[in-house]
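Please read the structure below before turning to the comments.
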Amino acid sequence: MGEAVREPRQDRSRATRQRLLEAAVDCLAEVGWTGSTVAVVAERAGVSRGAAQHHFPTREDLFTAAIGYVTDQRLAFLRSALPTLPPGQDRTRFVVEAIGEMYAGKLFKAALQLWVAAASDEQLLAQVVPLEARVGREAHQLTVFALGADEAVPGVREAVQATLDLARGLGLANLLTDDTKRRRRVLGEWAIVLGRTLDG
């Protein structure tokens, strides 16, 4: 009997946590750090402020966990697409475009708000720096794997990192105005250059 009661409660707890994380990213992307309080996120998620603080004792805990969670979701999506990718240049183009989209959307806008806030808040900075280091490592490793790249070949590691840096820069350009057409053109050209580098 105890197990049957505990399981639905754990499921509800997980669902509440997930709603809070998704609402936190939405709030950061839409109203920025100053407008994203725990109360605002809780209201958006449809839970009480007390329930939000039960899962995340501080505002910093909530928002760093939210960025980590949504980033993991995006990387998982890219991983799930890998078995169906075509070989060669089509694969390179898909991976470059997927990385570009990852940095052009809501998640990147939310992360950027967190970075700006962390630049002047030591407590937040202490949580954001390790998170960003982990995200950077995982994104790089996944990109290498997705491309089927051999980093032992001179220039390949740098070309993969340039892909991530380029996507991040294009994401910044997209922040104030819709830069979709230019981003797609630039990424399309970069996929060709990257393909040549990977082919050696």
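Quick note on naming: the chains in the structure tokens go A, B, ... in the order shown, residues restart at 1 in each chain, and ligands are numbered from 1 in order of appearance.
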
Could you name the residues that touch A:Ala45 at 10 Å or less, counting only C-alpha atoms, but leaving out those on the same chain fewer than 6 positions away, as a list in words? Thr16, Arg17, Gln18, Arg19, Leu20, Leu21, Glu22, Ala23, Ala24, Ala39 and Ala52 of chain A

Which parts of stretch 96-185 of chain A does DSSP call alpha helix (DSSP H) when run on the backbone here, written out as an MDAnalysis selection string? chainID A and resid 96:102 106:118 122:147 156:173 180:185

Using only C-alpha atoms, find the one residue out of A:Val95, A:Asp150, A:Asp72, A:Thr64 that sits nearest to A:Val129.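 Looking only at the distances to A:Val129, the closest residue turns out to be A:Thr64.
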
Choose the residue, out of A:Leu194, A:Ala159, A:Leu172, A:Leu107, that has the smallest atom-to-atom separation from A:Leu28; count only C-alpha atoms.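 Among A:Leu194, A:Ala159, A:Leu172, A:Leu107, it is A:Leu107 that comes nearest to A:Leu28.
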
Which residues are near A:Val116? Cut-off 10 Å, only C-alpha atoms, ignore same chain within fewer than 3 positions. Put them as a PyMOL selection string. chain A and resi 32-33+111-113+119-121+125

Can you pull out every residue within 9 Å of A:Leu164, counting only C-alpha atoms, but drop anything in the same chain fewer than 2 positions away, and send it as a VMD selection string? chain A and resid 96 99 to 100 103 136 139 to 140 143 159 to 162 166 to 169

With N, CA and C atoms retained, export the selected residues as a PDB file, in the first residue's frame.
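Below is the file that was written, selection_26.pdb:
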ATOM      1  N   VAL A  96      25.481  21.105 -38.391  1.00  0.00           N
ATOM      2  CA  VAL A  96      25.758  22.546 -38.292  1.00  0.00           C
ATOM      3  C   VAL A  96      24.451  23.318 -38.100  1.00  0.00           C
ATOM      4  N   ILE A  99      23.049  22.720 -34.529  1.00  0.00           N
ATOM      5  CA  ILE A  99      23.798  23.508 -33.540  1.00  0.00           C
ATOM      6  C   ILE A  99      23.385  24.972 -33.650  1.00  0.00           C
ATOM      7  N   GLY A 100      23.232  25.457 -34.869  1.00  0.00           N
ATOM      8  CA  GLY A 100      22.797  26.838 -35.073  1.00  0.00           C
ATOM      9  C   GLY A 100      21.438  27.112 -34.460  1.00  0.00           C
ATOM     10  N   TYR A 103      21.431  27.479 -30.645  1.00  0.00           N
ATOM     11  CA  TYR A 103      21.881  28.778 -30.140  1.00  0.00           C
ATOM     12  C   TYR A 103      20.995  29.935 -30.591  1.00  0.00           C
ATOM     13  N   GLY A 136      29.491  23.300 -22.349  1.00  0.00           N
ATOM     14  CA  GLY A 136      30.454  23.468 -23.440  1.00  0.00           C
ATOM     15  C   GLY A 136      31.145  22.164 -23.807  1.00  0.00           C
ATOM     16  N   ALA A 139      28.525  19.748 -25.426  1.00  0.00           N
ATOM     17  CA  ALA A 139      28.161  20.191 -26.777  1.00  0.00           C
ATOM     18  C   ALA A 139      29.301  19.886 -27.745  1.00  0.00           C
ATOM     19  N   HIS A 140      30.539  20.121 -27.308  1.00  0.00           N
ATOM     20  CA  HIS A 140      31.691  19.839 -28.171  1.00  0.00           C
ATOM     21  C   HIS A 140      31.795  18.342 -28.458  1.00  0.00           C
ATOM     22  N   THR A 143      29.057  17.204 -30.776  1.00  0.00           N
ATOM     23  CA  THR A 143      29.278  17.682 -32.142  1.00  0.00           C
ATOM     24  C   THR A 143      30.342  16.838 -32.845  1.00  0.00           C
ATOM     25  N   ALA A 159      38.132  23.379 -35.793  1.00  0.00           N
ATOM     26  CA  ALA A 159      36.988  23.591 -36.695  1.00  0.00           C
ATOM     27  C   ALA A 159      35.672  23.256 -35.995  1.00  0.00           C
ATOM     28  N   VAL A 160      35.674  22.210 -35.176  1.00  0.00           N
ATOM     29  CA  VAL A 160      34.473  21.864 -34.412  1.00  0.00           C
ATOM     30  C   VAL A 160      34.160  22.980 -33.422  1.00  0.00           C
ATOM     31  N   GLN A 161      35.187  23.459 -32.712  1.00  0.00           N
ATOM     32  CA  GLN A 161      34.965  24.544 -31.755  1.00  0.00           C
ATOM     33  C   GLN A 161      34.506  25.806 -32.472  1.00  0.00           C
ATOM     34  N   ALA A 162      35.054  26.073 -33.648  1.00  0.00           N
ATOM     35  CA  ALA A 162      34.623  27.242 -34.428  1.00  0.00           C
ATOM     36  C   ALA A 162      33.144  27.137 -34.793  1.00  0.00           C
ATOM     37  N   LEU A 166      30.741  30.004 -33.752  1.00  0.00           N
ATOM     38  CA  LEU A 166      29.993  30.688 -34.812  1.00  0.00           C
ATOM     39  C   LEU A 166      28.494  30.651 -34.506  1.00  0.00           C
ATOM     40  N   ALA A 167      27.993  29.507 -34.101  1.00  0.00           N
ATOM     41  CA  ALA A 167      26.565  29.377 -33.784  1.00  0.00           C
ATOM     42  C   ALA A 167      26.192  30.296 -32.621  1.00  0.00           C
ATOM     43  N   ARG A 168      27.072  30.391 -31.626  1.00  0.00           N
ATOM     44  CA  ARG A 168      26.812  31.269 -30.480  1.00  0.00           C
ATOM     45  C   ARG A 168      26.766  32.733 -30.928  1.00  0.00           C
ATOM     46  N   GLY A 169      27.709  33.116 -31.769  1.00  0.00           N
ATOM     47  CA  GLY A 169      27.723  34.494 -32.284  1.00  0.00           C
ATOM     48  C   GLY A 169      26.494  34.809 -33.118  1.00  0.00           C
TER      49      GLY A 169
END

Show me, as a PyMOL selection string, the residues that have an atom within 12 Å of stretch 177-181 of chain A when counting only C-alpha atoms, minus same-chain residues fewer than 3 positions from it. chain A and resi 97+100-101+103-105+167+169-174+184-188
